[in-house]
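K.L.:
Next comes coords-v1.pdb, PDB, C-alpha atoms:
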MODEL        1
ATOM      1  CA  MET A   1      -1.616  42.736 -23.551  1.00  0.00           C
ATOM      2  CA  LEU A   2      -4.953  41.738 -22.081  1.00  0.00           C
ATOM      3  CA  ALA A   3      -6.859  38.527 -22.695  1.00  0.00           C
ATOM      4  CA  CYS A   4      -9.646  37.659 -20.289  1.00  0.00           C
ATOM      5  CA  ALA A   5     -12.422  35.100 -20.433  1.00  0.00           C
ATOM      6  CA  ARG A   6     -15.334  37.147 -19.073  1.00  0.00           C
ATOM      7  CA  VAL A   7     -18.591  36.230 -17.414  1.00  0.00           C
ATOM      8  CA  ALA A   8     -21.521  37.843 -19.270  1.00  0.00           C
ATOM      9  CA  GLU A   9     -22.380  40.325 -16.475  1.00  0.00           C
ATOM     10  CA  SER A  10     -18.829  41.214 -15.503  1.00  0.00           C
ATOM     11  CA  ALA A  11     -16.784  44.224 -16.344  1.00  0.00           C
ATOM     12  CA  VAL A  12     -13.423  43.171 -14.942  1.00  0.00           C
ATOM     13  CA  THR A  13      -9.987  44.100 -16.200  1.00  0.00           C
ATOM     14  CA  PHE A  14      -6.661  42.914 -14.870  1.00  0.00           C
ATOM     15  CA  THR A  15      -3.290  44.479 -14.249  1.00  0.00           C
ATOM     16  CA  CYS A  16      -0.506  41.993 -13.668  1.00  0.00           C
ATOM     17  CA  THR A  17       3.103  42.359 -12.567  1.00  0.00           C
ATOM     18  CA  VAL A  18       5.978  39.912 -12.340  1.00  0.00           C
ATOM     19  CA  ALA A  19       8.861  39.954  -9.859  1.00  0.00           C
ATOM     20  CA  ALA A  20      11.811  37.577  -9.730  1.00  0.00           C
ATOM     21  CA  THR A  21      14.782  36.922  -7.487  1.00  0.00           C
ATOM     22  CA  GLY A  22      17.911  36.014  -9.393  1.00  0.00           C
ATOM     23  CA  ILE A  23      19.749  32.734  -9.321  1.00  0.00           C
ATOM     24  CA  ALA A  24      23.093  33.269  -7.570  1.00  0.00           C
ATOM     25  CA  PHE A  25      25.442  30.320  -8.077  1.00  0.00           C
ATOM     26  CA  GLY A  26      28.328  31.575  -5.981  1.00  0.00           C
ATOM     27  CA  ILE A  27      31.876  30.378  -6.658  1.00  0.00           C
ATOM     28  CA  TYR A  28      32.214  27.787  -9.426  1.00  0.00           C
ATOM     29  CA  ASN A  29      34.985  25.208  -9.072  1.00  0.00           C
ATOM     30  CA  PRO A  30      35.936  23.845 -12.530  1.00  0.00           C
ATOM     31  CA  LEU A  31      37.725  20.901 -10.856  1.00  0.00           C
ATOM     32  CA  SER A  32      34.643  19.707  -8.981  1.00  0.00           C
ATOM     33  CA  PRO A  33      33.171  16.429 -10.324  1.00  0.00           C
ATOM     34  CA  SER A  34      29.610  17.670  -9.706  1.00  0.00           C
ATOM     35  CA  GLY A  35      27.841  20.693 -11.096  1.00  0.00           C
ATOM     36  CA  ASP A  36      26.601  23.717  -9.184  1.00  0.00           C
ATOM     37  CA  ALA A  37      22.957  24.336  -8.374  1.00  0.00           C
ATOM     38  CA  ALA A  38      21.063  27.384  -7.095  1.00  0.00           C
ATOM     39  CA  VAL A  39      17.435  28.450  -6.748  1.00  0.00           C
ATOM     40  CA  GLY A  40      15.608  31.670  -7.592  1.00  0.00           C
ATOM     41  CA  SER A  41      11.910  32.483  -7.493  1.00  0.00           C
ATOM     42  CA  TRP A  42       9.226  34.385  -9.350  1.00  0.00           C
ATOM     43  CA  THR A  43       5.867  35.870  -8.386  1.00  0.00           C
ATOM     44  CA  VAL A  44       3.035  37.002 -10.647  1.00  0.00           C
ATOM     45  CA  THR A  45       0.396  39.229  -9.074  1.00  0.00           C
ATOM     46  CA  CYS A  46      -2.813  40.182 -10.896  1.00  0.00           C
ATOM     47  CA  ASN A  47      -5.302  42.728  -9.559  1.00  0.00           C
ATOM     48  CA  ALA A  48      -8.929  42.618 -10.707  1.00  0.00           C
ATOM     49  CA  ILE A  49     -10.520  46.018 -11.298  1.00  0.00           C
ATOM     50  CA  GLY A  50     -14.165  46.785 -12.089  1.00  0.00           C
ATOM     51  CA  SER A  51     -17.232  44.756 -11.125  1.00  0.00           C
ATOM     52  CA  GLY A  52     -18.145  41.091 -11.204  1.00  0.00           C
ATOM     53  CA  SER A  53     -15.636  38.286 -11.674  1.00  0.00           C
ATOM     54  CA  ALA A  54     -13.627  36.849 -14.532  1.00  0.00           C
ATOM     55  CA  THR A  55     -10.894  34.333 -15.260  1.00  0.00           C
ATOM     56  CA  VAL A  56      -7.362  35.557 -15.794  1.00  0.00           C
ATOM     57  CA  SER A  57      -4.952  33.260 -17.636  1.00  0.00           C
ATOM     58  CA  GLY A  58      -1.233  33.878 -17.859  1.00  0.00           C
ATOM     59  CA  THR A  59       1.899  32.308 -19.273  1.00  0.00           C
ATOM     60  CA  LEU A  60       5.390  32.980 -17.926  1.00  0.00           C
ATOM     61  CA  THR A  61       8.311  32.915 -20.365  1.00  0.00           C
ATOM     62  CA  MET A  62      12.043  33.509 -20.008  1.00  0.00           C
ATOM     63  CA  SER A  63      14.509  34.740 -22.609  1.00  0.00           C
ATOM     64  CA  THR A  64      17.610  32.887 -23.787  1.00  0.00           C
ATOM     65  CA  GLY A  65      19.960  35.463 -22.288  1.00  0.00           C
ATOM     66  CA  MET A  66      23.298  36.252 -23.934  1.00  0.00           C
ATOM     67  CA  SER A  67      23.671  32.778 -25.452  1.00  0.00           C
ATOM     68  CA  GLY A  68      20.731  33.224 -27.818  1.00  0.00           C
ATOM     69  CA  THR A  69      19.679  29.589 -27.272  1.00  0.00           C
ATOM     70  CA  TYR A  70      17.775  27.556 -24.711  1.00  0.00           C
ATOM     71  CA  ALA A  71      19.968  24.496 -25.364  1.00  0.00           C
ATOM     72  CA  ALA A  72      22.652  25.916 -23.075  1.00  0.00           C
ATOM     73  CA  ARG A  73      22.382  29.409 -21.670  1.00  0.00           C
ATOM     74  CA  SER A  74      25.750  31.061 -21.051  1.00  0.00           C
ATOM     75  CA  MET A  75      27.081  33.484 -18.499  1.00  0.00           C
ATOM     76  CA  LYS A  76      29.871  35.701 -19.766  1.00  0.00           C
ATOM     77  CA  SER A  77      33.011  37.173 -18.279  1.00  0.00           C
ATOM     78  CA  GLY A  78      34.593  39.097 -21.124  1.00  0.00           C
ATOM     79  CA  ALA A  79      35.079  36.596 -23.958  1.00  0.00           C
ATOM     80  CA  ASN A  80      34.742  33.580 -21.617  1.00  0.00           C
ATOM     81  CA  SER A  81      31.505  31.586 -21.274  1.00  0.00           C
ATOM     82  CA  LEU A  82      30.173  29.428 -18.465  1.00  0.00           C
ATOM     83  CA  HIS A  83      27.209  27.235 -19.463  1.00  0.00           C
ATOM     84  CA  TYR A  84      24.128  26.784 -17.291  1.00  0.00           C
ATOM     85  CA  ASN A  85      20.380  26.500 -17.616  1.00  0.00           C
ATOM     86  CA  ILE A  86      17.158  27.297 -15.749  1.00  0.00           C
ATOM     87  CA  TYR A  87      14.701  24.509 -14.975  1.00  0.00           C
ATOM     88  CA  LEU A  88      11.139  24.219 -13.725  1.00  0.00           C
ATOM     89  CA  THR A  89      11.934  21.456 -11.199  1.00  0.00           C
ATOM     90  CA  PRO A  90      14.984  20.367  -9.187  1.00  0.00           C
ATOM     91  CA  SER A  91      15.215  17.246 -11.376  1.00  0.00           C
ATOM     92  CA  TYR A  92      16.626  19.571 -14.110  1.00  0.00           C
ATOM     93  CA  THR A  93      14.551  18.073 -16.911  1.00  0.00           C
ATOM     94  CA  GLN A  94      12.270  20.921 -18.073  1.00  0.00           C
ATOM     95  CA  VAL A  95      14.072  24.036 -19.301  1.00  0.00           C
ATOM     96  CA  ILE A  96      12.035  27.199 -18.730  1.00  0.00           C
ATOM     97  CA  GLY A  97      11.818  29.128 -21.986  1.00  0.00           C
ATOM     98  CA  ASP A  98       9.100  30.308 -24.338  1.00  0.00           C
ATOM     99  CA  GLY A  99       7.520  26.948 -25.175  1.00  0.00           C
ATOM    100  CA  SER A 100       9.638  26.454 -28.318  1.00  0.00           C
ATOM    101  CA  ALA A 101      12.525  24.058 -28.927  1.00  0.00           C
ATOM    102  CA  GLY A 102      11.368  21.691 -26.191  1.00  0.00           C
ATOM    103  CA  THR A 103      11.233  24.385 -23.486  1.00  0.00           C
ATOM    104  CA  TYR A 104       8.460  24.817 -20.980  1.00  0.00           C
ATOM    105  CA  ALA A 105       6.439  28.008 -20.411  1.00  0.00           C
ATOM    106  CA  PRO A 106       4.402  27.573 -17.217  1.00  0.00           C
ATOM    107  CA  SER A 107       0.742  28.654 -17.406  1.00  0.00           C
ATOM    108  CA  GLU A 108      -1.871  29.255 -14.759  1.00  0.00           C
ATOM    109  CA  SER A 109      -5.426  30.539 -14.612  1.00  0.00           C
ATOM    110  CA  GLY A 110      -7.901  31.437 -11.923  1.00  0.00           C
ATOM    111  CA  THR A 111     -11.166  33.240 -11.370  1.00  0.00           C
ATOM    112  CA  VAL A 112     -10.931  36.553  -9.561  1.00  0.00           C
ATOM    113  CA  THR A 113     -13.624  38.889  -8.251  1.00  0.00           C
ATOM    114  CA  ALA A 114     -13.181  42.638  -8.738  1.00  0.00           C
ATOM    115  CA  GLY A 115     -11.183  44.144  -5.891  1.00  0.00           C
ATOM    116  CA  GLN A 116      -9.312  40.904  -5.263  1.00  0.00           C
ATOM    117  CA  GLN A 117      -5.839  39.763  -6.144  1.00  0.00           C
ATOM    118  CA  TYR A 118      -4.661  36.547  -7.795  1.00  0.00           C
ATOM    119  CA  GLN A 119      -1.068  35.554  -7.071  1.00  0.00           C
ATOM    120  CA  VAL A 120       1.060  32.685  -8.363  1.00  0.00           C
ATOM    121  CA  THR A 121       4.589  31.932  -7.177  1.00  0.00           C
ATOM    122  CA  GLY A 122       7.179  29.442  -8.287  1.00  0.00           C
ATOM    123  CA  ASN A 123      10.821  28.498  -8.124  1.00  0.00           C
ATOM    124  CA  MET A 124      13.371  28.333 -10.906  1.00  0.00           C
ATOM    125  CA  TYR A 125      16.254  25.930 -10.527  1.00  0.00           C
ATOM    126  CA  GLY A 126      19.615  26.831 -11.992  1.00  0.00           C
ATOM    127  CA  PHE A 127      22.243  24.230 -12.796  1.00  0.00           C
ATOM    128  CA  MET A 128      25.799  24.529 -14.171  1.00  0.00           C
ATOM    129  CA  PRO A 129      27.350  21.316 -15.500  1.00  0.00           C
ATOM    130  CA  ALA A 130      30.631  20.124 -13.984  1.00  0.00           C
ATOM    131  CA  SER A 131      34.095  20.261 -15.546  1.00  0.00           C
ATOM    132  CA  GLN A 132      33.845  23.516 -17.473  1.00  0.00           C
ATOM    133  CA  ASP A 133      37.411  24.723 -17.896  1.00  0.00           C
ATOM    134  CA  VAL A 134      36.978  28.469 -17.455  1.00  0.00           C
ATOM    135  CA  PRO A 135      39.283  31.129 -16.032  1.00  0.00           C
ATOM    136  CA  ALA A 136      38.397  32.938 -12.814  1.00  0.00           C
ATOM    137  CA  GLY A 137      36.153  35.933 -13.260  1.00  0.00           C
ATOM    138  CA  SER A 138      32.780  37.442 -12.542  1.00  0.00           C
ATOM    139  CA  TYR A 139      30.287  35.681 -14.838  1.00  0.00           C
ATOM    140  CA  SER A 140      26.767  36.969 -15.397  1.00  0.00           C
ATOM    141  CA  ASP A 141      23.790  36.775 -17.723  1.00  0.00           C
ATOM    142  CA  SER A 142      20.529  38.715 -18.049  1.00  0.00           C
ATOM    143  CA  ILE A 143      17.275  36.836 -18.437  1.00  0.00           C
ATOM    144  CA  PHE A 144      14.015  38.637 -19.172  1.00  0.00           C
ATOM    145  CA  VAL A 145      10.938  37.200 -17.466  1.00  0.00           C
ATOM    146  CA  THR A 146       7.672  37.996 -19.251  1.00  0.00           C
ATOM    147  CA  VAL A 147       4.065  37.255 -18.338  1.00  0.00           C
ATOM    148  CA  THR A 148       1.456  37.312 -21.078  1.00  0.00           C
ATOM    149  CA  TYR A 149      -2.098  37.539 -19.790  1.00  0.00           C
TER
ENDMDL
END
Is it possible to express this structure as structure tokens?

P.N.:
Amino acid sequence: MLACARVAESAVTFTCTVAATGIAFGIYNPLSPSGDAAVGSWTVTCNAIGSGSATVSGTLTMSTGMSGTYAARSMKSGANSLHYNIYLTPSYTQVIGDGSAGTYAPSESGTVTAGQQYQVTGNMYGFMPASQDVPAGSYSDSIFVTVTY
């Protein structure tokens, strides 16, 4: 999908890619009185092709994963679930999602000249609440990160 605000004389198109490093919580202790936290990151890189300059605008969204809801994402190990969520800040108040149901979808824009690159990076903060009574196992989830520009 391509949506650019163009300057009258420009003939610029953009190609954008997204890369992310996963959030790795490590070993969860269900007897711990505090939750577990971990950090991952994402990078969006847009290349301007053509002549002139133009503004590229993009919005980053994340899927719900296996839980099907942003209210509490879930990692699975067989039939067992371990709840967590992904936040925009380390204060754990803004869930990164698709902009619906109270979630946040970060947006950014910038003007780029043909032949140049526009790059935006950010962190995503994972948090698992304390006192989840789950059996030992290898828990995982798959989140799709999408950039619409």

K.L.:
Report as a ChimeraX atom specification the full result of the PyMOL selection byres ((chain A and resi 104-118) around 9) when it is applied to this structure.

P.N.:
/A:10-14,44-62,87-88,94-103,119-120

K.L.:
Taking into account all atoms listed in the file, which residue in the set A:Val18, A:Ser131, A:Leu31, A:Asn123 is nearest to Leu82 in chain A?

P.N.:
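Going through A:Val18, A:Ser131, A:Leu31, A:Asn123 one by one, the smallest distance to Leu82 in chain A is for A:Ser131.
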
K.L.:
Might you spell out which residues the PyMOL selection byres ((chain A and resi 26) around 12) would select in the displayed file, as number ranges by chain?

P.N.:
A: 22-25, 27-29, 36-39, 126-128, 137-140

K.L.:
Using all atoms listed in the file, which residues sit within 8 Å of Gly65 in chain A once same-chain residues fewer than 3 positions away are excluded, as a list in words?

P.N.:
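My reading of the contact set: Gly68, Thr69, Arg73, Ser74, Asp141, Ser142, Ile143 and Phe144 of chain A.
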
K.L.:
Taking the file as I've supplied it (selection: the PyMOL selection byres ((chain A and resi 81) around 10)), which residues are included? Please answer as a list in words.

P.N.:
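Evaluating the PyMOL selection byres ((chain A and resi 81) around 10) on this file yields Met66, Ser67, Arg73, Ser74, Met75, Lys76, Ser77, Gly78, Ala79, Asn80, Leu82, His83, Tyr84, Gln132, Asp133, Val134, Pro135, Tyr139, Ser140 and Asp141 of chain A.
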
K.L.:
Please enclose the listed atoms of range 135-148 of chain A in an axis-aligned box, pad each side by 3 Å, and write out the centre and the three edge lengths in Å, rounded to one decimal, as lines of an AutoDock Vina configuration file.

P.N.:
center_x = 20.4
center_y = 34.9
center_z = -16.8
size_x = 43.8
size_y = 13.6
size_z = 14.5

K.L.:
Grab the CA of Ala20 in chain A to CA of Pro129 in chain A distance for me, in Å with one decimal place.

P.N.:
23.2 Å

K.L.:
Could you state the separation of CA of Thr43 in chain A and CA of Ala19 in chain A in Å, given to one decimal place?

P.N.:
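One can read the CA of Thr43 in chain A to CA of Ala19 in chain A distance as 5.3 Å.
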
K.L.:
Could you jot down the CA of Val145 in chain A to CA of Ser34 in chain A separation for me, Å, one decimal place?

P.N.:
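That distance, rounded to one decimal, is 28.1 Å.
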